[in-house]
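Participant: For reference, the file input-v3.cif (mmCIF, N, CA and C atoms) is included below:
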```
data_entry
loop_
_atom_site.label_atom_id
_atom_site.label_comp_id
_atom_site.auth_asym_id
_atom_site.auth_seq_id
_atom_site.Cartn_x
_atom_site.Cartn_y
_atom_site.Cartn_z
N PRO I 1 72.65 124.92 89.06
CA PRO I 1 72.46 124.33 90.38
C PRO I 1 73.78 124.21 91.15
N MET I 2 73.68 124.24 92.44
CA MET I 2 74.83 124.17 93.32
C MET I 2 74.77 122.87 94.12
N ASP I 3 75.86 122.10 94.10
CA ASP I 3 75.93 120.86 94.88
C ASP I 3 76.96 121.02 95.98
N PHE I 4 76.58 120.64 97.19
CA PHE I 4 77.49 120.68 98.32
C PHE I 4 78.18 119.32 98.41
N ILE I 5 79.50 119.32 98.34
CA ILE I 5 80.28 118.09 98.35
C ILE I 5 80.64 117.74 99.79
N LYS I 6 80.39 116.49 100.14
CA LYS I 6 80.73 116.02 101.49
C LYS I 6 81.17 114.57 101.40
N THR I 7 82.34 114.27 101.95
CA THR I 7 82.84 112.91 101.99
C THR I 7 83.46 112.63 103.35
N ALA I 8 83.28 111.42 103.84
CA ALA I 8 83.90 111.00 105.10
C ALA I 8 85.38 110.68 104.90
N LYS I 9 85.83 110.66 103.63
CA LYS I 9 87.23 110.36 103.35
C LYS I 9 88.14 111.59 103.46
N ALA I 10 87.54 112.72 103.82
CA ALA I 10 88.28 113.95 104.10
C ALA I 10 87.71 114.51 105.41
N PRO I 11 88.48 115.33 106.12
CA PRO I 11 87.98 115.86 107.39
C PRO I 11 86.71 116.69 107.21
N ALA I 12 85.82 116.57 108.15
CA ALA I 12 84.60 117.37 108.12
C ALA I 12 84.96 118.84 108.30
N ALA I 13 84.14 119.71 107.74
CA ALA I 13 84.34 121.15 107.93
C ALA I 13 84.27 121.47 109.43
N ILE I 14 85.16 122.34 109.89
CA ILE I 14 85.19 122.69 111.31
C ILE I 14 84.47 124.01 111.58
N GLY I 15 83.67 124.44 110.64
CA GLY I 15 82.92 125.68 110.78
C GLY I 15 81.73 125.67 109.84
N PRO I 16 81.10 126.82 109.68
CA PRO I 16 79.91 126.91 108.81
C PRO I 16 80.27 127.02 107.33
N TYR I 17 80.85 125.98 106.79
CA TYR I 17 81.22 125.94 105.38
C TYR I 17 81.21 124.49 104.90
N SER I 18 81.37 124.29 103.60
CA SER I 18 81.37 122.96 102.99
C SER I 18 82.79 122.55 102.62
N GLN I 19 83.02 121.25 102.52
CA GLN I 19 84.32 120.78 102.05
C GLN I 19 84.58 121.32 100.65
N ALA I 20 83.54 121.34 99.83
CA ALA I 20 83.63 121.89 98.47
C ALA I 20 82.22 122.14 97.96
N ILE I 21 82.13 122.98 96.96
CA ILE I 21 80.86 123.25 96.30
C ILE I 21 81.08 123.11 94.80
N LYS I 22 80.17 122.39 94.15
CA LYS I 22 80.22 122.23 92.70
C LYS I 22 79.15 123.13 92.10
N VAL I 23 79.59 124.00 91.19
CA VAL I 23 78.69 124.90 90.46
C VAL I 23 78.99 124.70 88.98
N ASP I 24 77.99 124.27 88.23
CA ASP I 24 78.18 123.94 86.83
C ASP I 24 79.34 122.95 86.71
N ASN I 25 80.38 123.29 85.98
CA ASN I 25 81.52 122.39 85.82
C ASN I 25 82.70 122.75 86.71
N PHE I 26 82.48 123.61 87.69
CA PHE I 26 83.56 124.03 88.59
C PHE I 26 83.37 123.46 89.98
N ILE I 27 84.48 123.11 90.61
CA ILE I 27 84.49 122.67 92.00
C ILE I 27 85.39 123.63 92.77
N PHE I 28 84.83 124.22 93.81
CA PHE I 28 85.56 125.15 94.65
C PHE I 28 85.82 124.46 95.99
N GLY I 29 87.08 124.10 96.23
CA GLY I 29 87.42 123.38 97.45
C GLY I 29 87.84 124.32 98.56
N SER I 30 87.25 124.14 99.72
CA SER I 30 87.65 124.93 100.90
C SER I 30 89.08 124.58 101.28
N GLY I 31 89.71 125.48 102.01
CA GLY I 31 91.06 125.22 102.50
C GLY I 31 91.09 123.95 103.32
N GLN I 32 92.02 123.07 102.97
CA GLN I 32 92.15 121.80 103.67
C GLN I 32 93.29 121.85 104.68
N LEU I 33 93.00 121.34 105.85
CA LEU I 33 94.01 121.21 106.90
C LEU I 33 94.53 119.77 106.90
N PRO I 34 95.69 119.53 107.52
CA PRO I 34 96.29 118.20 107.51
C PRO I 34 95.71 117.26 108.56
N ILE I 35 94.40 117.14 108.57
CA ILE I 35 93.72 116.29 109.54
C ILE I 35 93.43 114.94 108.89
N ASP I 36 93.80 113.89 109.59
CA ASP I 36 93.51 112.53 109.14
C ASP I 36 92.03 112.26 109.39
N PRO I 37 91.24 112.02 108.36
CA PRO I 37 89.80 111.84 108.56
C PRO I 37 89.46 110.59 109.37
N GLN I 38 90.36 109.62 109.42
CA GLN I 38 90.11 108.39 110.19
C GLN I 38 90.23 108.62 111.69
N THR I 39 91.24 109.43 112.07
CA THR I 39 91.51 109.62 113.50
C THR I 39 91.03 110.98 114.02
N GLY I 40 90.85 111.93 113.10
CA GLY I 40 90.51 113.29 113.52
C GLY I 40 91.70 114.07 114.06
N LEU I 41 92.88 113.48 113.96
CA LEU I 41 94.09 114.12 114.48
C LEU I 41 94.88 114.77 113.35
N MET I 42 95.59 115.84 113.71
CA MET I 42 96.41 116.54 112.73
C MET I 42 97.78 115.89 112.65
N LYS I 43 98.26 115.71 111.43
CA LYS I 43 99.60 115.17 111.21
C LYS I 43 100.63 116.16 111.74
N VAL I 44 101.84 115.65 112.03
CA VAL I 44 102.91 116.47 112.58
C VAL I 44 104.00 116.62 111.53
N GLY I 45 104.52 117.84 111.39
CA GLY I 45 105.63 118.11 110.47
C GLY I 45 105.14 118.49 109.09
N ILE I 46 105.90 119.32 108.42
CA ILE I 46 105.48 119.88 107.14
C ILE I 46 105.33 118.80 106.06
N VAL I 47 106.17 117.78 106.05
CA VAL I 47 106.08 116.73 105.03
C VAL I 47 104.77 115.96 105.19
N GLU I 48 104.52 115.46 106.39
CA GLU I 48 103.30 114.68 106.63
C GLU I 48 102.05 115.53 106.49
N GLN I 49 102.12 116.79 106.91
CA GLN I 49 100.96 117.68 106.78
C GLN I 49 100.62 117.92 105.31
N THR I 50 101.63 118.17 104.50
CA THR I 50 101.40 118.41 103.07
C THR I 50 100.81 117.18 102.40
N LYS I 51 101.37 116.01 102.69
CA LYS I 51 100.86 114.77 102.10
C LYS I 51 99.41 114.51 102.52
N GLN I 52 99.07 114.78 103.79
CA GLN I 52 97.71 114.54 104.26
C GLN I 52 96.73 115.48 103.56
N ILE I 53 97.11 116.73 103.40
CA ILE I 53 96.23 117.68 102.72
C ILE I 53 95.98 117.23 101.28
N LEU I 54 97.00 116.83 100.58
CA LEU I 54 96.83 116.38 99.20
C LEU I 54 95.96 115.13 99.13
N SER I 55 96.07 114.26 100.12
CA SER I 55 95.19 113.10 100.21
C SER I 55 93.74 113.53 100.43
N ASN I 56 93.54 114.52 101.29
CA ASN I 56 92.20 115.04 101.54
C ASN I 56 91.61 115.66 100.28
N ILE I 57 92.44 116.39 99.54
CA ILE I 57 91.98 117.00 98.29
C ILE I 57 91.58 115.91 97.30
N THR I 58 92.38 114.85 97.20
CA THR I 58 92.04 113.74 96.32
C THR I 58 90.68 113.16 96.68
N ALA I 59 90.41 112.98 97.96
CA ALA I 59 89.13 112.42 98.40
C ALA I 59 87.97 113.34 98.02
N ILE I 60 88.15 114.63 98.16
CA ILE I 60 87.09 115.58 97.80
C ILE I 60 86.88 115.59 96.29
N LEU I 61 87.96 115.54 95.53
CA LEU I 61 87.84 115.48 94.08
C LEU I 61 87.10 114.21 93.66
N GLU I 62 87.45 113.08 94.25
CA GLU I 62 86.78 111.83 93.92
C GLU I 62 85.29 111.90 94.24
N ALA I 63 84.95 112.50 95.38
CA ALA I 63 83.54 112.66 95.76
C ALA I 63 82.80 113.57 94.78
N SER I 64 83.57 114.41 94.09
CA SER I 64 83.01 115.34 93.09
C SER I 64 83.04 114.75 91.69
N LYS I 65 83.49 113.50 91.57
CA LYS I 65 83.67 112.83 90.27
C LYS I 65 84.72 113.55 89.42
N ALA I 66 85.77 114.02 90.10
CA ALA I 66 86.86 114.75 89.44
C ALA I 66 88.19 114.07 89.78
N HIS I 67 89.26 114.59 89.18
CA HIS I 67 90.60 114.04 89.31
C HIS I 67 91.57 115.21 89.54
N LYS I 68 92.73 114.90 90.11
CA LYS I 68 93.70 115.97 90.37
C LYS I 68 94.10 116.71 89.09
N ASN I 69 94.02 116.05 87.94
CA ASN I 69 94.35 116.73 86.69
C ASN I 69 93.26 117.72 86.25
N ASP I 70 92.14 117.75 86.97
CA ASP I 70 91.09 118.74 86.71
C ASP I 70 91.30 120.02 87.50
N VAL I 71 92.27 120.02 88.41
CA VAL I 71 92.54 121.21 89.22
C VAL I 71 93.15 122.29 88.34
N VAL I 72 92.57 123.49 88.37
CA VAL I 72 93.07 124.60 87.56
C VAL I 72 93.78 125.66 88.39
N LYS I 73 93.51 125.69 89.71
CA LYS I 73 94.12 126.72 90.56
C LYS I 73 94.22 126.21 91.98
N THR I 74 95.34 126.47 92.62
CA THR I 74 95.49 126.20 94.05
C THR I 74 96.02 127.44 94.74
N THR I 75 95.72 127.52 96.01
CA THR I 75 96.33 128.53 96.87
C THR I 75 96.87 127.80 98.08
N ILE I 76 98.16 128.02 98.34
CA ILE I 76 98.83 127.40 99.48
C ILE I 76 99.12 128.48 100.51
N PHE I 77 98.71 128.21 101.73
CA PHE I 77 98.99 129.11 102.85
C PHE I 77 100.02 128.42 103.74
N LEU I 78 101.14 129.08 103.99
CA LEU I 78 102.20 128.54 104.84
C LEU I 78 102.40 129.43 106.06
N SER I 79 102.57 128.82 107.22
CA SER I 79 102.87 129.61 108.42
C SER I 79 104.34 130.02 108.44
N ASP I 80 105.16 129.37 107.61
CA ASP I 80 106.59 129.70 107.51
C ASP I 80 107.04 129.47 106.06
N ILE I 81 107.34 130.54 105.36
CA ILE I 81 107.70 130.46 103.94
C ILE I 81 108.99 129.66 103.72
N SER I 82 109.77 129.46 104.78
CA SER I 82 110.99 128.65 104.63
C SER I 82 110.65 127.19 104.32
N ASN I 83 109.39 126.79 104.50
CA ASN I 83 108.95 125.44 104.13
C ASN I 83 108.59 125.33 102.65
N PHE I 84 108.71 126.42 101.91
CA PHE I 84 108.29 126.46 100.51
C PHE I 84 108.91 125.34 99.67
N SER I 85 110.22 125.15 99.75
CA SER I 85 110.88 124.17 98.88
C SER I 85 110.44 122.74 99.21
N ILE I 86 110.23 122.42 100.46
CA ILE I 86 109.76 121.09 100.85
C ILE I 86 108.36 120.86 100.30
N VAL I 87 107.47 121.84 100.51
CA VAL I 87 106.10 121.74 100.02
C VAL I 87 106.09 121.64 98.50
N ASN I 88 106.90 122.44 97.85
CA ASN I 88 106.95 122.47 96.40
C ASN I 88 107.34 121.10 95.83
N GLU I 89 108.28 120.43 96.48
CA GLU I 89 108.73 119.11 96.03
C GLU I 89 107.59 118.08 96.13
N ILE I 90 106.88 118.07 97.25
CA ILE I 90 105.77 117.13 97.46
C ILE I 90 104.62 117.46 96.49
N TYR I 91 104.35 118.74 96.34
CA TYR I 91 103.29 119.22 95.45
C TYR I 91 103.58 118.81 94.00
N ALA I 92 104.83 119.00 93.57
CA ALA I 92 105.22 118.63 92.20
C ALA I 92 105.10 117.13 91.97
N GLU I 93 105.45 116.34 92.97
CA GLU I 93 105.31 114.88 92.86
C GLU I 93 103.83 114.49 92.76
N TYR I 94 102.99 115.15 93.53
CA TYR I 94 101.55 114.86 93.53
C TYR I 94 100.93 115.16 92.16
N PHE I 95 101.22 116.34 91.61
CA PHE I 95 100.59 116.74 90.35
C PHE I 95 101.31 116.21 89.11
N GLY I 96 102.53 115.74 89.24
CA GLY I 96 103.25 115.22 88.08
C GLY I 96 103.42 116.29 87.01
N GLU I 97 103.07 115.96 85.78
CA GLU I 97 103.22 116.90 84.67
C GLU I 97 102.12 117.97 84.64
N HIS I 98 101.07 117.75 85.40
CA HIS I 98 99.97 118.73 85.47
C HIS I 98 100.44 119.93 86.29
N ARG I 99 100.21 121.12 85.81
CA ARG I 99 100.69 122.33 86.47
C ARG I 99 99.57 123.36 86.63
N PRO I 100 98.75 123.22 87.69
CA PRO I 100 97.69 124.22 87.91
C PRO I 100 98.31 125.59 88.21
N ALA I 101 97.56 126.64 87.95
CA ALA I 101 97.98 127.97 88.41
C ALA I 101 98.03 127.91 89.94
N ARG I 102 98.91 128.72 90.54
CA ARG I 102 99.08 128.61 92.00
C ARG I 102 99.55 129.91 92.60
N SER I 103 99.11 130.15 93.82
CA SER I 103 99.64 131.21 94.66
C SER I 103 100.10 130.56 95.95
N THR I 104 101.21 131.06 96.50
CA THR I 104 101.69 130.59 97.80
C THR I 104 101.90 131.82 98.67
N ILE I 105 101.29 131.79 99.84
CA ILE I 105 101.27 132.96 100.71
C ILE I 105 101.70 132.56 102.12
N GLU I 106 102.59 133.35 102.71
CA GLU I 106 102.92 133.16 104.12
C GLU I 106 101.91 133.92 104.95
N VAL I 107 101.39 133.25 105.97
CA VAL I 107 100.41 133.86 106.87
C VAL I 107 100.93 133.76 108.30
N SER I 108 100.39 134.60 109.17
CA SER I 108 100.89 134.60 110.54
C SER I 108 100.41 133.42 111.37
N LYS I 109 99.23 132.89 111.02
CA LYS I 109 98.70 131.76 111.79
C LYS I 109 97.61 131.08 110.98
N LEU I 110 97.51 129.75 111.16
CA LEU I 110 96.47 128.96 110.50
C LEU I 110 95.63 128.25 111.56
N PRO I 111 94.41 127.83 111.20
CA PRO I 111 93.57 127.13 112.17
C PRO I 111 94.29 125.92 112.76
N LYS I 112 94.06 125.70 114.05
CA LYS I 112 94.64 124.56 114.78
C LYS I 112 96.16 124.57 114.76
N ASP I 113 96.76 125.75 114.51
CA ASP I 113 98.22 125.90 114.43
C ASP I 113 98.86 125.02 113.36
N SER I 114 98.09 124.74 112.30
CA SER I 114 98.63 123.99 111.18
C SER I 114 99.80 124.75 110.55
N LEU I 115 100.71 124.01 109.93
CA LEU I 115 101.83 124.62 109.21
C LEU I 115 101.44 125.01 107.80
N ILE I 116 100.35 124.41 107.29
CA ILE I 116 99.97 124.58 105.89
C ILE I 116 98.46 124.38 105.72
N GLU I 117 97.90 125.06 104.72
CA GLU I 117 96.52 124.87 104.30
C GLU I 117 96.51 125.05 102.78
N ILE I 118 95.72 124.25 102.08
CA ILE I 118 95.63 124.37 100.62
C ILE I 118 94.16 124.37 100.20
N GLU I 119 93.80 125.33 99.34
CA GLU I 119 92.47 125.35 98.72
C GLU I 119 92.65 125.16 97.22
N PHE I 120 91.55 124.80 96.53
CA PHE I 120 91.68 124.53 95.11
C PHE I 120 90.40 124.88 94.35
N ILE I 121 90.58 125.04 93.06
CA ILE I 121 89.45 125.16 92.11
C ILE I 121 89.73 124.15 91.00
N ALA I 122 88.71 123.37 90.66
CA ALA I 122 88.83 122.40 89.57
C ALA I 122 87.72 122.62 88.57
N LYS I 123 87.97 122.21 87.33
CA LYS I 123 86.95 122.29 86.27
C LYS I 123 86.83 120.92 85.63
N ILE I 124 85.60 120.42 85.57
CA ILE I 124 85.39 119.10 84.96
C ILE I 124 84.47 119.21 83.76
#
```
Could you quickly redo this structure as structure tokens?

Facilitator:
Amino acid sequence: PMDFIKTAKAPAAIGPYSQAIKVDNFIFGSGQLPIDPQTGLMKVGIVEQTKQILSNITAILEASKAHKNDVVKTTIFLSDISNFSIVNEIYAEYFGEHRPARSTIEVSKLPKDSLIEIEFIAKI
């Protein structure tokens, strides 16, 4: 069975997709933008954007009855790869000793002119 994950503690999908889908013991999280779910506004700057996205991911994981230590893979999309070291530092602090597999890709543009987007896969 497939469960569509939806929580008000993360931004609503801005298109025809779900925040995440749970299939068996896997959770596939859609790319998260740095939108504050309380205000609907996007955070400014790479530090605040990265922190907001990780907060949104936490909310989706919690709605899925999962934890950040259940994340097995992430993909980070950056509009400017020169932000890699800043993002990496925040990301490492968020995950602590847990080290999911990861890809980081520079892209020419992201929705709403975001500086960063992160998607994830978790297994519970």

Participant: Write out as a list of chain:residue names each polymer residue whose atoms come within 10 Å of Ala122 of chain I, counting only C-alpha atoms; drop sequence neighbours fewer than 4 positions from it.

Facilitator: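 The residues satisfying every condition are I:Lys22, I:Asn25, I:Phe26, I:Ile27, I:Phe28, I:Gly29, I:Leu61, I:Ser64, I:Ala66, I:His67, I:Lys68, I:Asn69, I:Asp70, I:Val71, I:Val72, I:Lys73, I:Thr74, I:Pro100.
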
Participant: Do you have the atom N of Glu93 of chain I-atom CA of Glu106 of chain I distance handy?

Facilitator: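 These atoms are spaced 20.3 Å apart.
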
Participant: Given the file shown, determine the residues that the PyMOL selection byres ((chain I and resi 2-9) around 6.5) selects; report them as number ranges by chain.

Facilitator: I: 1, 10-11, 18-24, 37, 56, 59-60, 63

Participant: With the PyMOL selection byres (((chain I and resi 116 and name CA) around 7) and name CA) as the selection, what would be picked from this file? Answer as number ranges by chain, please.

Facilitator: I: 33, 50, 77-79, 114-115, 117-118

Participant: For a test of reading the model, state the distance in Å between atom CA of Ile90 of chain I and atom CA of Gly31 of chain I, rounded to one decimal.

Facilitator: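 According to the coordinates, atom CA of Ile90 of chain I and atom CA of Gly31 of chain I are separated by 17.5 Å.
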
Participant: Per DSSP on the backbone, what are the helix (DSSP H, G or I) residues of chain I, as number ranges by chain?

Facilitator: I: 46-63, 68-70, 81-95, 111-113

Participant: Export N, CA and C atoms of the chosen residues as a compact mmCIF listing (two decimals), keeping the file's coordinate frame?

Facilitator:
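Just written: out.txt:
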```
# COMPACT_ATOMS: atom_id res chain seq x y z
N ILE I 46 105.90 119.32 108.42
CA ILE I 46 105.48 119.88 107.14
C ILE I 46 105.33 118.80 106.06
N VAL I 47 106.17 117.78 106.05
CA VAL I 47 106.08 116.73 105.03
C VAL I 47 104.77 115.96 105.19
N GLU I 48 104.52 115.46 106.39
CA GLU I 48 103.30 114.68 106.63
C GLU I 48 102.05 115.53 106.49
N GLN I 49 102.12 116.79 106.91
CA GLN I 49 100.96 117.68 106.78
C GLN I 49 100.62 117.92 105.31
N THR I 50 101.63 118.17 104.50
CA THR I 50 101.40 118.41 103.07
C THR I 50 100.81 117.18 102.40
N LYS I 51 101.37 116.01 102.69
CA LYS I 51 100.86 114.77 102.10
C LYS I 51 99.41 114.51 102.52
N GLN I 52 99.07 114.78 103.79
CA GLN I 52 97.71 114.54 104.26
C GLN I 52 96.73 115.48 103.56
N ILE I 53 97.11 116.73 103.40
CA ILE I 53 96.23 117.68 102.72
C ILE I 53 95.98 117.23 101.28
N LEU I 54 97.00 116.83 100.58
CA LEU I 54 96.83 116.38 99.20
C LEU I 54 95.96 115.13 99.13
N SER I 55 96.07 114.26 100.12
CA SER I 55 95.19 113.10 100.21
C SER I 55 93.74 113.53 100.43
N ASN I 56 93.54 114.52 101.29
CA ASN I 56 92.20 115.04 101.54
C ASN I 56 91.61 115.66 100.28
N ILE I 57 92.44 116.39 99.54
CA ILE I 57 91.98 117.00 98.29
C ILE I 57 91.58 115.91 97.30
N THR I 58 92.38 114.85 97.20
CA THR I 58 92.04 113.74 96.32
C THR I 58 90.68 113.16 96.68
N ALA I 59 90.41 112.98 97.96
CA ALA I 59 89.13 112.42 98.40
C ALA I 59 87.97 113.34 98.02
N ILE I 60 88.15 114.63 98.16
CA ILE I 60 87.09 115.58 97.80
C ILE I 60 86.88 115.59 96.29
N LEU I 61 87.96 115.54 95.53
CA LEU I 61 87.84 115.48 94.08
C LEU I 61 87.10 114.21 93.66
N GLU I 62 87.45 113.08 94.25
CA GLU I 62 86.78 111.83 93.92
C GLU I 62 85.29 111.90 94.24
N ALA I 63 84.95 112.50 95.38
CA ALA I 63 83.54 112.66 95.76
C ALA I 63 82.80 113.57 94.78
N LYS I 68 92.73 114.90 90.11
CA LYS I 68 93.70 115.97 90.37
C LYS I 68 94.10 116.71 89.09
N ASN I 69 94.02 116.05 87.94
CA ASN I 69 94.35 116.73 86.69
C ASN I 69 93.26 117.72 86.25
N ASP I 70 92.14 117.75 86.97
CA ASP I 70 91.09 118.74 86.71
C ASP I 70 91.30 120.02 87.50
N ILE I 81 107.34 130.54 105.36
CA ILE I 81 107.70 130.46 103.94
C ILE I 81 108.99 129.66 103.72
N SER I 82 109.77 129.46 104.78
CA SER I 82 110.99 128.65 104.63
C SER I 82 110.65 127.19 104.32
N ASN I 83 109.39 126.79 104.50
CA ASN I 83 108.95 125.44 104.13
C ASN I 83 108.59 125.33 102.65
N PHE I 84 108.71 126.42 101.91
CA PHE I 84 108.29 126.46 100.51
C PHE I 84 108.91 125.34 99.67
N SER I 85 110.22 125.15 99.75
CA SER I 85 110.88 124.17 98.88
C SER I 85 110.44 122.74 99.21
N ILE I 86 110.23 122.42 100.46
CA ILE I 86 109.76 121.09 100.85
C ILE I 86 108.36 120.86 100.30
N VAL I 87 107.47 121.84 100.51
CA VAL I 87 106.10 121.74 100.02
C VAL I 87 106.09 121.64 98.50
N ASN I 88 106.90 122.44 97.85
CA ASN I 88 106.95 122.47 96.40
C ASN I 88 107.34 121.10 95.83
N GLU I 89 108.28 120.43 96.48
CA GLU I 89 108.73 119.11 96.03
C GLU I 89 107.59 118.08 96.13
N ILE I 90 106.88 118.07 97.25
CA ILE I 90 105.77 117.13 97.46
C ILE I 90 104.62 117.46 96.49
N TYR I 91 104.35 118.74 96.34
CA TYR I 91 103.29 119.22 95.45
C TYR I 91 103.58 118.81 94.00
N ALA I 92 104.83 119.00 93.57
CA ALA I 92 105.22 118.63 92.20
C ALA I 92 105.10 117.13 91.97
N GLU I 93 105.45 116.34 92.97
CA GLU I 93 105.31 114.88 92.86
C GLU I 93 103.83 114.49 92.76
N TYR I 94 102.99 115.15 93.53
CA TYR I 94 101.55 114.86 93.53
C TYR I 94 100.93 115.16 92.16
N PHE I 95 101.22 116.34 91.61
CA PHE I 95 100.59 116.74 90.35
C PHE I 95 101.31 116.21 89.11
N PRO I 111 94.41 127.83 111.20
CA PRO I 111 93.57 127.13 112.17
C PRO I 111 94.29 125.92 112.76
N LYS I 112 94.06 125.70 114.05
CA LYS I 112 94.64 124.56 114.78
C LYS I 112 96.16 124.57 114.76
N ASP I 113 96.76 125.75 114.51
CA ASP I 113 98.22 125.90 114.43
C ASP I 113 98.86 125.02 113.36
```

Participant: Would you compute the distance between atom C of Ser55 of chain I and atom N of Val107 of chain I? Give it in Å to one decimal.

Facilitator: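 Result for atom C of Ser55 of chain I versus atom N of Val107 of chain I: 21.9 Å, one decimal.
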
Participant: Identify all residues of segment 24-85 of chain I in strand (DSSP E) (DSSP on the backbone) and supply them as a PyMOL selection string.

Facilitator: chain I and resi 26-32+71-78
